[in-house]
$ cat my_file-v1.txt   # compact mmCIF, C-alpha atoms and all ligand atoms
# COMPACT_ATOMS: atom_id res chain seq x y z
CA MET V 1 18.74 14.43 16.63
CA MET V 2 16.27 14.24 13.74
CA LEU V 3 19.00 13.32 11.28
CA ALA V 4 19.79 10.28 13.45
CA GLY V 5 16.52 8.79 12.17
CA CYS V 6 17.69 8.88 8.55
CA SER V 7 19.52 5.57 8.52
CA GLY V 8 19.94 2.44 10.59
CA ASP V 9 17.90 -0.74 10.84
CA ARG V 10 14.68 1.09 11.73
CA SER V 11 14.69 3.91 9.19
CA ILE V 12 11.70 4.48 6.90
CA LEU V 13 14.05 6.48 4.64
CA ASP V 14 15.96 3.31 3.79
CA PRO V 15 13.17 1.11 2.38
CA ALA V 16 13.83 -2.59 1.73
CA GLY V 17 10.51 -3.66 0.23
CA PRO V 18 7.73 -2.43 -2.07
CA ALA V 19 5.36 -1.23 0.67
CA ALA V 20 8.15 0.67 2.43
CA ARG V 21 9.21 2.23 -0.87
CA ASP V 22 5.68 3.61 -1.30
CA VAL V 23 5.78 5.01 2.23
CA ALA V 24 9.20 6.58 1.69
CA TRP V 25 8.05 8.05 -1.61
CA LEU V 26 4.98 9.52 0.08
CA TRP V 27 7.18 11.00 2.77
CA TRP V 28 9.45 12.75 0.23
CA ALA V 29 6.40 13.98 -1.72
CA MET V 30 4.87 15.38 1.47
CA LEU V 31 8.15 16.93 2.58
CA SER V 32 8.58 18.72 -0.77
CA GLY V 33 4.91 19.78 -0.89
CA PHE V 34 5.01 21.18 2.61
CA GLY V 35 8.44 22.70 1.89
CA LEU V 36 6.87 24.64 -0.98
CA VAL V 37 3.95 25.78 1.20
CA PHE V 38 6.42 26.89 3.86
CA VAL V 39 8.47 28.91 1.37
CA ALA V 40 5.28 30.49 -0.06
CA VAL V 41 4.10 31.51 3.42
CA VAL V 42 7.47 33.01 4.32
CA VAL V 43 7.54 34.97 1.03
CA ALA V 44 4.01 36.27 1.62
CA TRP V 45 4.92 37.18 5.18
CA LEU V 46 8.01 39.12 4.09
CA ALA V 47 6.02 40.81 1.34
CA ALA V 48 3.56 42.03 3.95
CA PHE V 49 6.34 44.11 5.51
CA ARG V 50 7.12 45.92 2.28
CA PRO V 51 6.20 49.58 2.48
CA ARG V 52 3.42 50.29 -0.01
CA ALA V 53 1.46 53.23 -1.19
CA HIS V 54 -1.93 53.26 0.48
CA VAL V 55 -4.71 52.09 -1.86
CA GLU V 56 -8.14 53.57 -1.41
CA ARG V 57 -10.86 50.88 -1.71
CA SER V 58 -14.56 51.14 -1.39
CA PRO V 59 -16.14 48.93 1.34
CA ALA V 60 -17.49 46.59 -1.38
CA GLU V 61 -14.04 46.22 -2.91
CA GLU V 62 -12.59 45.68 0.53
CA ARG V 63 -15.05 42.82 1.17
CA ARG V 64 -14.30 41.17 -2.17
CA PHE V 65 -10.58 41.45 -1.48
CA SER V 66 -10.78 39.68 1.88
CA LEU V 67 -13.24 37.10 0.56
CA ARG V 68 -10.71 36.14 -2.10
CA TRP V 69 -8.07 35.42 0.55
CA ILE V 70 -10.48 33.47 2.74
CA LEU V 71 -11.76 31.31 -0.14
CA GLY V 72 -8.37 30.84 -1.77
CA GLY V 73 -6.21 30.38 1.31
CA GLY V 74 -8.79 28.83 3.61
CA ILE V 75 -10.69 26.48 1.31
CA VAL V 76 -9.10 25.98 -2.13
CA LEU V 77 -5.49 25.60 -0.96
CA PRO V 78 -6.15 23.11 1.89
CA GLY V 79 -8.75 21.30 -0.28
CA VAL V 80 -6.27 20.76 -3.10
CA SER V 81 -3.46 19.75 -0.68
CA ILE V 82 -5.62 17.21 1.12
CA LEU V 83 -6.98 15.83 -2.14
CA ALA V 84 -3.44 15.36 -3.47
CA LEU V 85 -2.47 13.63 -0.24
CA LEU V 86 -5.44 11.28 -0.45
CA VAL V 87 -4.77 10.47 -4.10
CA PHE V 88 -1.28 9.26 -3.16
CA GLY V 89 -1.95 8.05 0.38
CA VAL V 90 -5.02 5.86 -0.09
CA PRO V 91 -3.50 3.58 -2.78
CA THR V 92 -0.32 3.30 -0.69
CA GLY V 93 -2.32 2.04 2.29
CA GLN V 94 -4.39 -0.16 0.01
CA ARG V 95 -1.31 -1.92 -1.35
CA MET V 96 -0.40 -3.08 2.16
CA LEU V 97 -3.82 -4.66 2.66
CA PRO V 98 -3.96 -8.40 2.29
CA VAL V 99 -6.01 -8.83 -0.88
CA THR V 100 -5.50 -12.07 -2.75
CA LEU V 101 -6.82 -11.80 -6.30
CA PRO V 102 -8.47 -14.87 -7.84
CA GLY V 103 -5.82 -17.17 -9.29
CA GLU V 104 -3.08 -15.85 -7.01
CA THR V 105 -1.51 -18.25 -4.51
CA PRO V 106 -2.24 -16.92 -1.03
CA PRO V 107 0.99 -15.79 0.67
CA GLN V 108 2.75 -17.30 3.65
CA VAL V 109 0.97 -16.38 6.90
CA ILE V 110 2.93 -15.54 10.04
CA GLU V 111 1.07 -14.71 13.26
CA VAL V 112 2.48 -12.18 15.68
CA VAL V 113 1.09 -11.73 19.20
CA GLY V 114 2.12 -8.75 21.32
CA HIS V 115 2.73 -9.27 25.04
CA GLN V 116 3.95 -6.85 27.67
CA TRP V 117 6.90 -6.64 26.61
CA TRP V 118 7.81 -9.29 24.13
CA TRP V 119 6.67 -10.82 20.84
CA GLU V 120 5.23 -14.25 20.27
CA ILE V 121 5.68 -15.49 16.67
CA ARG V 122 3.66 -18.40 15.32
CA TYR V 123 4.08 -20.22 12.02
CA PRO V 124 0.83 -22.08 11.40
CA GLY V 125 1.24 -25.52 9.86
CA GLU V 126 -0.70 -28.72 9.35
CA GLN V 127 1.29 -30.60 12.01
CA GLY V 128 0.76 -27.76 14.51
CA ASP V 129 2.27 -24.31 14.91
CA VAL V 130 5.97 -23.64 15.18
CA VAL V 131 6.36 -21.05 17.95
CA THR V 132 9.26 -18.70 18.64
CA ALA V 133 9.65 -15.34 20.33
CA ASN V 134 11.36 -12.00 19.72
CA HIS V 135 12.97 -13.22 16.49
CA LEU V 136 10.89 -13.32 13.35
CA VAL V 137 12.13 -15.24 10.33
CA MET V 138 10.38 -14.70 6.98
CA PRO V 139 11.00 -15.72 3.37
CA ALA V 140 12.51 -12.94 1.21
CA GLY V 141 11.35 -11.91 -2.26
CA GLU V 142 7.68 -12.80 -1.78
CA PRO V 143 4.76 -11.17 0.04
CA VAL V 144 4.14 -12.38 3.59
CA GLU V 145 0.87 -11.81 5.39
CA PHE V 146 1.17 -10.91 9.05
CA HIS V 147 -1.83 -11.61 11.27
CA VAL V 148 -1.33 -9.58 14.40
CA THR V 149 -3.13 -9.48 17.72
CA SER V 150 -2.38 -8.86 21.40
CA ALA V 151 -2.56 -10.94 24.56
CA ASP V 152 -3.00 -7.94 26.89
CA VAL V 153 -2.95 -4.22 25.98
CA ILE V 154 -2.71 -2.46 22.61
CA HIS V 155 0.65 -2.79 20.89
CA ALA V 156 1.63 -1.97 17.30
CA PHE V 157 3.64 -4.03 14.87
CA TRP V 158 6.10 -1.98 12.85
CA VAL V 159 9.02 -3.01 10.64
CA PRO V 160 9.91 0.46 9.29
CA ARG V 161 12.16 -0.77 6.46
CA LEU V 162 9.40 -3.07 5.17
CA GLY V 163 6.27 -0.94 5.48
CA GLY V 164 3.63 0.79 7.57
CA LYS V 165 2.63 -0.05 11.11
CA ILE V 166 -0.49 -1.82 12.28
CA ASP V 167 -2.21 -1.92 15.66
CA MET V 168 -2.26 -5.14 17.66
CA LEU V 169 -5.58 -5.21 19.50
CA PRO V 170 -6.67 -7.74 22.11
CA GLY V 171 -9.56 -9.84 20.79
CA ARG V 172 -9.09 -8.84 17.17
CA THR V 173 -6.79 -9.92 14.34
CA ASN V 174 -5.42 -7.25 12.01
CA ARG V 175 -3.61 -8.10 8.81
CA ILE V 176 -0.81 -6.47 6.88
CA ARG V 177 1.14 -7.65 3.86
CA LEU V 178 4.86 -6.94 3.73
CA GLU V 179 7.68 -8.06 1.49
CA ALA V 180 11.47 -7.94 1.80
CA ASP V 181 13.23 -7.55 -1.58
CA GLU V 182 16.38 -9.30 -0.44
CA PRO V 183 17.50 -11.47 2.45
CA GLY V 184 18.59 -9.29 5.35
CA VAL V 185 18.06 -8.28 8.95
CA PHE V 186 15.58 -5.55 9.88
CA GLY V 187 14.69 -3.92 13.14
CA ALA V 188 11.10 -3.75 14.34
CA GLN V 189 9.65 -1.96 17.29
CA CYS V 190 6.39 -1.82 19.21
CA ALA V 191 4.90 1.46 18.02
CA GLU V 192 2.11 1.98 20.54
CA PHE V 193 2.87 2.90 24.13
CA CYS V 194 2.09 -0.24 26.12
CA GLY V 195 3.56 0.27 29.59
CA VAL V 196 6.88 0.90 31.35
CA GLN V 197 8.99 -1.34 29.14
CA HIS V 198 7.51 -0.25 25.80
CA THR V 199 10.96 1.02 24.71
CA HIS V 200 12.42 -2.43 25.26
CA MET V 201 10.02 -4.18 22.96
CA HIS V 202 12.25 -4.67 19.98
CA LEU V 203 11.83 -7.42 17.42
CA HIS V 204 14.63 -8.91 15.33
CA VAL V 205 13.32 -9.59 11.81
CA GLU V 206 15.34 -11.80 9.49
CA ALA V 207 14.45 -12.44 5.85
CA LEU V 208 15.95 -15.63 4.40
CA PRO V 209 15.90 -17.10 0.88
CA ARG V 210 12.89 -19.44 0.54
CA GLU V 211 14.94 -22.69 0.82
CA GLU V 212 16.78 -21.52 3.94
CA TYR V 213 13.48 -20.43 5.44
CA GLU V 214 12.07 -23.94 4.88
CA VAL V 215 15.14 -25.53 6.49
CA TRP V 216 14.83 -23.15 9.44
CA LEU V 217 11.16 -24.02 9.88
CA ASP V 218 11.63 -27.78 9.47
CA ALA V 219 14.34 -27.79 12.12
CA ARG V 220 11.82 -26.34 14.56
CA ARG V 221 9.24 -28.99 13.68
CA SER V 222 11.50 -31.89 14.65
CA PRO V 223 11.58 -32.87 18.33
CA LEU V 224 14.62 -31.73 20.32
CA PRO V 225 17.19 -34.50 20.84
CA GLU V 226 17.64 -36.18 24.24
CA ASP V 227 20.11 -34.19 26.27
CA GLU V 228 21.71 -36.26 29.06
CA ALA V 229 24.51 -33.74 29.64
CA HIS V 230 22.01 -31.15 30.90
CA ALA V 231 19.70 -33.43 32.89
CA GLN V 232 20.13 -31.38 36.09
CA ALA V 233 19.41 -28.08 34.32
CA ARG V 234 16.31 -29.56 32.74
CA GLN V 235 15.19 -30.70 36.18
CA ASP V 236 15.73 -27.18 37.60
CA PHE V 237 13.83 -25.76 34.66
CA ILE V 238 10.82 -27.99 35.26
CA GLN V 239 10.81 -26.95 38.90
CA HIS V 240 11.27 -23.18 38.54
CA CYS V 241 10.49 -22.07 35.00
CA ALA V 242 8.23 -24.55 33.21
CA GLY V 243 5.01 -22.92 34.44
CA CYS V 244 5.73 -19.84 32.32
CA HIS V 245 7.98 -21.02 29.51
CA ARG V 246 7.51 -23.61 26.83
CA VAL V 247 10.40 -25.75 25.67
CA ALA V 248 9.22 -28.16 22.97
CA GLY V 249 8.90 -31.67 24.40
CA LEU V 250 9.60 -30.52 27.97
CA SER V 251 7.09 -27.90 29.13
CA ASP V 252 4.02 -25.95 28.02
CA GLY V 253 4.12 -22.63 29.92
CA GLU V 254 2.60 -19.71 28.03
CA ARG V 255 3.15 -16.66 30.23
CA GLY V 256 6.64 -16.02 28.92
CA PRO V 257 8.47 -16.41 25.61
CA ASP V 258 8.85 -19.86 24.06
CA LEU V 259 12.46 -20.90 24.73
CA SER V 260 12.70 -23.95 22.42
CA ASP V 261 15.23 -22.28 20.11
CA ILE V 262 16.57 -19.62 22.47
CA GLY V 263 20.19 -20.60 21.68
CA SER V 264 19.73 -19.52 18.06
CA ARG V 265 18.35 -16.03 18.80
CA ALA V 266 20.18 -12.78 18.23
CA THR V 267 19.02 -10.99 21.38
CA LEU V 268 17.52 -11.54 24.81
CA GLY V 269 14.66 -9.78 26.56
CA ALA V 270 13.22 -8.36 23.29
CA GLY V 271 16.44 -6.59 22.37
CA VAL V 272 17.68 -5.58 25.83
CA MET V 273 20.94 -7.47 25.41
CA ALA V 274 22.82 -9.32 22.67
CA MET V 275 22.89 -13.09 22.84
CA GLU V 276 26.48 -14.06 23.59
CA GLU V 277 28.31 -16.44 25.88
CA GLY V 278 27.06 -16.09 29.44
CA ALA V 279 24.19 -13.79 28.39
CA ILE V 280 21.39 -16.02 29.62
CA ALA V 281 22.92 -16.48 33.08
CA ARG V 282 23.34 -12.69 33.21
CA TRP V 283 19.70 -12.19 32.19
CA LEU V 284 18.54 -14.63 34.89
CA ALA V 285 20.54 -12.84 37.58
CA THR V 286 19.90 -9.21 36.59
CA HIS V 287 16.82 -8.99 34.34
CA GLN V 288 14.88 -6.84 36.80
CA SER V 289 17.58 -4.17 36.66
CA LEU V 290 18.13 -4.56 32.90
CA LYS V 291 14.41 -4.32 32.17
CA PRO V 292 12.74 -3.05 35.36
CA GLY V 293 9.14 -4.11 35.84
CA ASN V 294 9.22 -6.90 33.24
CA ARG V 295 6.80 -9.73 33.91
CA MET V 296 9.37 -12.34 34.87
CA PRO V 297 9.87 -12.55 38.65
CA SER V 298 13.49 -12.26 39.82
CA HIS V 299 15.03 -15.51 40.96
CA ASP V 300 17.10 -14.23 43.88
CA ASP V 301 16.18 -17.39 45.75
CA LEU V 302 18.15 -19.56 43.33
CA GLU V 303 21.88 -20.29 43.79
CA ASP V 304 24.24 -18.66 41.25
CA GLU V 305 25.30 -22.17 40.37
CA THR V 306 21.73 -23.11 39.40
CA LEU V 307 21.34 -19.99 37.25
CA GLU V 308 24.63 -20.68 35.51
CA ARG V 309 23.64 -24.29 34.90
CA LEU V 310 20.31 -23.16 33.43
CA GLY V 311 22.09 -20.53 31.33
CA ALA V 312 24.64 -23.02 29.96
CA TRP V 313 21.85 -25.38 28.92
CA LEU V 314 19.54 -22.76 27.39
CA GLU V 315 22.39 -21.12 25.50
CA ASN V 316 22.89 -24.39 23.60
CA LEU V 317 19.21 -25.02 23.12
CA THR V 318 18.83 -24.81 19.40
CA PRO V 319 17.18 -27.16 16.94
C1 LIG N 1 5.97 -15.92 36.17
C2 LIG N 1 6.43 -16.34 34.88
C3 LIG N 1 7.89 -16.62 34.63
C4 LIG N 1 8.76 -17.47 35.31
C5 LIG N 1 8.47 -18.32 36.54
C6 LIG N 1 10.01 -17.43 34.60
N1 LIG N 1 9.91 -16.56 33.53
FE1 LIG N 1 11.37 -16.22 32.16
N2 LIG N 1 10.23 -14.76 31.33
C7 LIG N 1 8.93 -14.46 31.67
C8 LIG N 1 8.48 -13.33 30.89
C9 LIG N 1 7.11 -12.67 30.97
C10 LIG N 1 9.56 -12.97 30.07
C11 LIG N 1 9.62 -11.80 29.08
C12 LIG N 1 10.25 -10.63 29.76
C13 LIG N 1 10.41 -9.45 28.83
O1 LIG N 1 11.27 -9.50 27.95
O2 LIG N 1 9.66 -8.47 29.01
C14 LIG N 1 10.64 -13.91 30.36
C15 LIG N 1 11.87 -13.91 29.69
C16 LIG N 1 12.82 -14.91 29.82
C17 LIG N 1 14.00 -15.06 28.98
C18 LIG N 1 14.34 -14.18 27.79
C19 LIG N 1 13.57 -14.71 26.61
C20 LIG N 1 13.74 -14.01 25.32
O3 LIG N 1 13.00 -14.36 24.37
O4 LIG N 1 14.56 -13.12 25.16
C21 LIG N 1 14.66 -16.16 29.42
C22 LIG N 1 15.96 -16.73 28.85
C23 LIG N 1 13.93 -16.67 30.55
N3 LIG N 1 12.80 -15.89 30.75
C24 LIG N 1 14.30 -17.78 31.29
C25 LIG N 1 13.65 -18.18 32.45
C26 LIG N 1 14.18 -19.20 33.33
C27 LIG N 1 15.44 -20.01 33.10
C28 LIG N 1 13.29 -19.31 34.37
C29 LIG N 1 13.38 -20.19 35.59
C30 LIG N 1 14.52 -19.95 36.46
C31 LIG N 1 12.22 -18.36 34.12
N4 LIG N 1 12.49 -17.70 32.97
C32 LIG N 1 11.12 -18.18 34.93
C33 LIG N 1 8.16 -15.12 32.62
C34 LIG N 1 8.65 -16.04 33.53
CU CU N 2 4.60 -0.86 23.09
$ encode --input "my_file-v1.txt" --output "structure tokens"
Amino acid sequence: MMLAGCSGDRSILDPAGPAARDVAWLWWAMLSGFGLVFVAVVVAWLAAFRPRAHVERSPAEERRFSLRWILGGGIVLPGVSILALLVFGVPTGQRMLPVTLPGETPPQVIEVVGHQWWWEIRYPGEQGDVVTANHLVMPAGEPVEFHVTSADVIHAFWVPRLGGKIDMLPGRTNRIRLEADEPGVFGAQCAEFCGVQHTHMHLHVEALPREEYEVWLDARRSPLPEDEAHAQARQDFIQHCAGCHRVAGLSDGERGPDLSDIGSRATLGAGVMAMEEGAIARWLATHQSLKPGNRMPSHDDLEDETLERLGAWLENLTP
């Protein structure tokens, strides 16, 4: 079971950026250090069973003998181990802190807001923020500063292949700097228990080359085209969904994920199901059994036909 954590899209042992490499290195150093301590303890323990000739010691000698073990094993050994850990650990943590030295261009900022149980992603810009959900796109090969917070309870932002985790606290913004060496797809997961659907709070992280990232972002800045073919679905949406969901140019709801580019996402429901043909209609009909307790009310009152119409429109909703 433990070996299952050694690879995959959420493995710290498979680092894909400088911060994660430091973390992985620290992990191997700690594993070997503690491995050595373990072996030493086992050897000492076995040695204690060895039959030995009885040594006569005076009470003073006896006291000195035990004092040596207490000082050596109880103070010097842990002191040295903890010092070594701090010497490696503190700079590793420091390197993930967002410190821009004078003369450096400040990195791209991406804001991430935790919600029970989904992720809001905001790309601040002069003409207003671009907003998406559950799918984070970042430029590869350069540091990116993540400003994280929460809209409700404490969550934690963690992209294991890119670096350490950081708490998302309501009313406070924490910062972490991460970098992906190469374009790629990485898994991320809420790393602080936040309620019944904590497990299903997965985030799809995609690093793109800088130019492709710009194209991706620009597409989301332009208004969505008129869509006569789905007029009825848009009408249904305004009636039943718009209060909670934003679709750029159509609605402003904020209680659920922004759906403006839902057709281009990889997953639905923060990783509960893959985005494929018919997936949205299936989510609309069964989301309370797929992700029980999630904050979207079930729409049993709507006809299957309406749900399918909404699904067909949303599936194609992409800038
Ligand atoms: C009371 C608020 C509310 C209403 C009304 C509502 N939703 Fe939602 N919706 C949510 C929340 C909250 C989530 C996130 C659930 C989760 O993943 O935990 C969600 C998730 C979704 C998702 C998945 C989004 C993603 O990023 O994966 C889709 C698609 C969706 N809703 C469509 C609709 C449609 C279509 C309607 C109207 C029929 C609707 N919703 C009505 C609150 C609402
Ligand atoms: Cu959580």
$ closest_residue --input "my_file-v1.txt" --among "V:Asp152, V:Glu126, V:Glu206, V:Asp300" --to "Gly114 of chain V" --atoms "only C-alpha atoms"
V:Asp152
$ residues_around --input "my_file-v1.txt" --residues "Gln288 of chain V" --least-positions-apart "3" --cutoff "12 Å" --atoms "all atoms listed in the file" --output "short mmCIF file (atom, residue, chain, number, x, y, z; two decimals) with C-alpha atoms, keeping the file's coordinate frame"
data_model
loop_
_atom_site.label_atom_id
_atom_site.label_comp_id
_atom_site.auth_asym_id
_atom_site.auth_seq_id
_atom_site.Cartn_x
_atom_site.Cartn_y
_atom_site.Cartn_z
CA GLN V 197 8.99 -1.34 29.14
CA GLY V 269 14.66 -9.78 26.56
CA VAL V 272 17.68 -5.58 25.83
CA ARG V 282 23.34 -12.69 33.21
CA TRP V 283 19.70 -12.19 32.19
CA LEU V 284 18.54 -14.63 34.89
CA ALA V 285 20.54 -12.84 37.58
CA LYS V 291 14.41 -4.32 32.17
CA PRO V 292 12.74 -3.05 35.36
CA GLY V 293 9.14 -4.11 35.84
CA ASN V 294 9.22 -6.90 33.24
CA ARG V 295 6.80 -9.73 33.91
CA MET V 296 9.37 -12.34 34.87
CA PRO V 297 9.87 -12.55 38.65
CA SER V 298 13.49 -12.26 39.82
CA HIS V 299 15.03 -15.51 40.96
CA ASP V 300 17.10 -14.23 43.88
#
$ residues_around --input "my_file-v1.txt" --residues "segment 253-261 of chain V" --least-positions-apart "4" --cutoff "7 Å" --atoms "only C-alpha atoms" --output "list in words"
Glu120, Val131, Thr132, Ala133, Ala242, Gly243, Cys244, His245, Arg246, Val247, Ala248, Leu317, Thr318 and Pro319 of chain V
$ atom_distance --input "my_file-v1.txt" --atom1 "atom CA of Phe157 of chain V" --atom2 "atom CA of Trp27 of chain V"
19.6 Å
$ closest_atom_pairs --input "my_file-v1.txt" --of "chain V" --to "ligand CU 2 (chain N)" --cutoff "7 Å" --atoms "all atoms listed in the file" --output "Markdown table"
| residue | atom | partner | partner_atom | distance |
| --- | --- | --- | --- | --- |
| V:His155 | CA | N:CU2 | CU | 4.9 |
| V:Ala156 | CA | N:CU2 | CU | 6.6 |
| V:Cys190 | CA | N:CU2 | CU | 4.4 |
| V:Ala191 | CA | N:CU2 | CU | 5.6 |
| V:Glu192 | CA | N:CU2 | CU | 4.6 |
| V:Phe193 | CA | N:CU2 | CU | 4.3 |
| V:Cys194 | CA | N:CU2 | CU | 4.0 |
| V:Gly195 | CA | N:CU2 | CU | 6.7 |
| V:His198 | CA | N:CU2 | CU | 4.0 |
| V:Thr199 | CA | N:CU2 | CU | 6.8 |
| V:Met201 | CA | N:CU2 | CU | 6.4 |
$ residues_around --input "my_file-v1.txt" --residues "Met273 of chain V" --least-positions-apart "3" --cutoff "10 Å" --atoms "only C-alpha atoms" --output "PyMOL selection string"
chain V and resi 200+266-270+276+279-280+282-283+287+290-291
$ residues_around --input "my_file-v1.txt" --residues "segment 135-146 of chain V" --least-positions-apart "6" --cutoff "7 Å" --atoms "all atoms listed in the file" --output "MDAnalysis selection string"
chainID V and resid 98 107:112 121 175:183 203:210 213 265
$ build_atoms --input "my_file-v1.txt" --residues "segment 148-156 of chain V" --atoms "all heavy atoms" --output "PDB file, keeping the file's coordinate frame"
ATOM      1  N   VAL V 148      -1.830 -10.043  13.110  1.00  0.00           N
ATOM      2  CA  VAL V 148      -1.330  -9.580  14.400  1.00  0.00           C
ATOM      3  C   VAL V 148      -2.466  -9.385  15.402  1.00  0.00           C
ATOM      4  O   VAL V 148      -3.571  -8.988  15.047  1.00  0.00           O
ATOM      5  CB  VAL V 148      -0.505  -8.267  14.267  1.00  0.00           C
ATOM      6  CG1 VAL V 148       0.534  -8.398  13.177  1.00  0.00           C
ATOM      7  CG2 VAL V 148      -1.395  -7.067  13.986  1.00  0.00           C
ATOM      8  N   THR V 149      -2.164  -9.694  16.656  1.00  0.00           N
ATOM      9  CA  THR V 149      -3.130  -9.480  17.720  1.00  0.00           C
ATOM     10  C   THR V 149      -2.352  -9.256  19.027  1.00  0.00           C
ATOM     11  O   THR V 149      -1.127  -9.198  19.005  1.00  0.00           O
ATOM     12  CB  THR V 149      -4.113 -10.664  17.830  1.00  0.00           C
ATOM     13  OG1 THR V 149      -5.106 -10.353  18.794  1.00  0.00           O
ATOM     14  CG2 THR V 149      -3.406 -11.940  18.251  1.00  0.00           C
ATOM     15  N   SER V 150      -3.073  -9.098  20.136  1.00  0.00           N
ATOM     16  CA  SER V 150      -2.380  -8.860  21.400  1.00  0.00           C
ATOM     17  C   SER V 150      -2.959  -9.751  22.487  1.00  0.00           C
ATOM     18  O   SER V 150      -4.138 -10.107  22.453  1.00  0.00           O
ATOM     19  CB  SER V 150      -2.550  -7.398  21.807  1.00  0.00           C
ATOM     20  OG  SER V 150      -2.196  -7.243  23.163  1.00  0.00           O
ATOM     21  N   ALA V 151      -2.108 -10.114  23.448  1.00  0.00           N
ATOM     22  CA  ALA V 151      -2.560 -10.940  24.560  1.00  0.00           C
ATOM     23  C   ALA V 151      -2.973 -10.081  25.748  1.00  0.00           C
ATOM     24  O   ALA V 151      -3.561 -10.575  26.708  1.00  0.00           O
ATOM     25  CB  ALA V 151      -1.445 -11.892  24.982  1.00  0.00           C
ATOM     26  N   ASP V 152      -2.659  -8.774  25.726  1.00  0.00           N
ATOM     27  CA  ASP V 152      -3.000  -7.940  26.890  1.00  0.00           C
ATOM     28  C   ASP V 152      -3.470  -6.541  26.460  1.00  0.00           C
ATOM     29  O   ASP V 152      -4.642  -6.344  26.205  1.00  0.00           O
ATOM     30  CB  ASP V 152      -1.822  -7.875  27.882  1.00  0.00           C
ATOM     31  CG  ASP V 152      -0.456  -7.837  27.195  1.00  0.00           C
ATOM     32  OD1 ASP V 152      -0.287  -7.029  26.275  1.00  0.00           O
ATOM     33  OD2 ASP V 152       0.443  -8.602  27.603  1.00  0.00           O
ATOM     34  N   VAL V 153      -2.549  -5.598  26.329  1.00  0.00           N
ATOM     35  CA  VAL V 153      -2.950  -4.220  25.980  1.00  0.00           C
ATOM     36  C   VAL V 153      -2.697  -3.983  24.495  1.00  0.00           C
ATOM     37  O   VAL V 153      -2.266  -4.878  23.795  1.00  0.00           O
ATOM     38  CB  VAL V 153      -2.162  -3.196  26.825  1.00  0.00           C
ATOM     39  CG1 VAL V 153      -2.401  -3.419  28.301  1.00  0.00           C
ATOM     40  CG2 VAL V 153      -0.669  -3.294  26.517  1.00  0.00           C
ATOM     41  N   ILE V 154      -2.949  -2.759  24.019  1.00  0.00           N
ATOM     42  CA  ILE V 154      -2.710  -2.460  22.610  1.00  0.00           C
ATOM     43  C   ILE V 154      -1.215  -2.263  22.350  1.00  0.00           C
ATOM     44  O   ILE V 154      -0.551  -1.512  23.056  1.00  0.00           O
ATOM     45  CB  ILE V 154      -3.483  -1.197  22.180  1.00  0.00           C
ATOM     46  CG1 ILE V 154      -4.980  -1.393  22.412  1.00  0.00           C
ATOM     47  CG2 ILE V 154      -3.214  -0.868  20.717  1.00  0.00           C
ATOM     48  CD1 ILE V 154      -5.813  -0.170  22.068  1.00  0.00           C
ATOM     49  N   HIS V 155      -0.712  -2.989  21.366  1.00  0.00           N
ATOM     50  CA  HIS V 155       0.650  -2.790  20.890  1.00  0.00           C
ATOM     51  C   HIS V 155       0.543  -2.437  19.396  1.00  0.00           C
ATOM     52  O   HIS V 155      -0.548  -2.460  18.840  1.00  0.00           O
ATOM     53  CB  HIS V 155       1.479  -4.074  21.024  1.00  0.00           C
ATOM     54  CG  HIS V 155       1.555  -4.622  22.420  1.00  0.00           C
ATOM     55  ND1 HIS V 155       2.513  -4.236  23.311  1.00  0.00           N
ATOM     56  CD2 HIS V 155       0.796  -5.535  23.071  1.00  0.00           C
ATOM     57  CE1 HIS V 155       2.343  -4.894  24.455  1.00  0.00           C
ATOM     58  NE2 HIS V 155       1.296  -5.689  24.335  1.00  0.00           N
ATOM     59  N   ALA V 156       1.674  -2.139  18.760  1.00  0.00           N
ATOM     60  CA  ALA V 156       1.630  -1.970  17.300  1.00  0.00           C
ATOM     61  C   ALA V 156       2.852  -2.605  16.682  1.00  0.00           C
ATOM     62  O   ALA V 156       3.964  -2.486  17.193  1.00  0.00           O
ATOM     63  CB  ALA V 156       1.527  -0.493  16.923  1.00  0.00           C
TER      64      ALA V 156
END
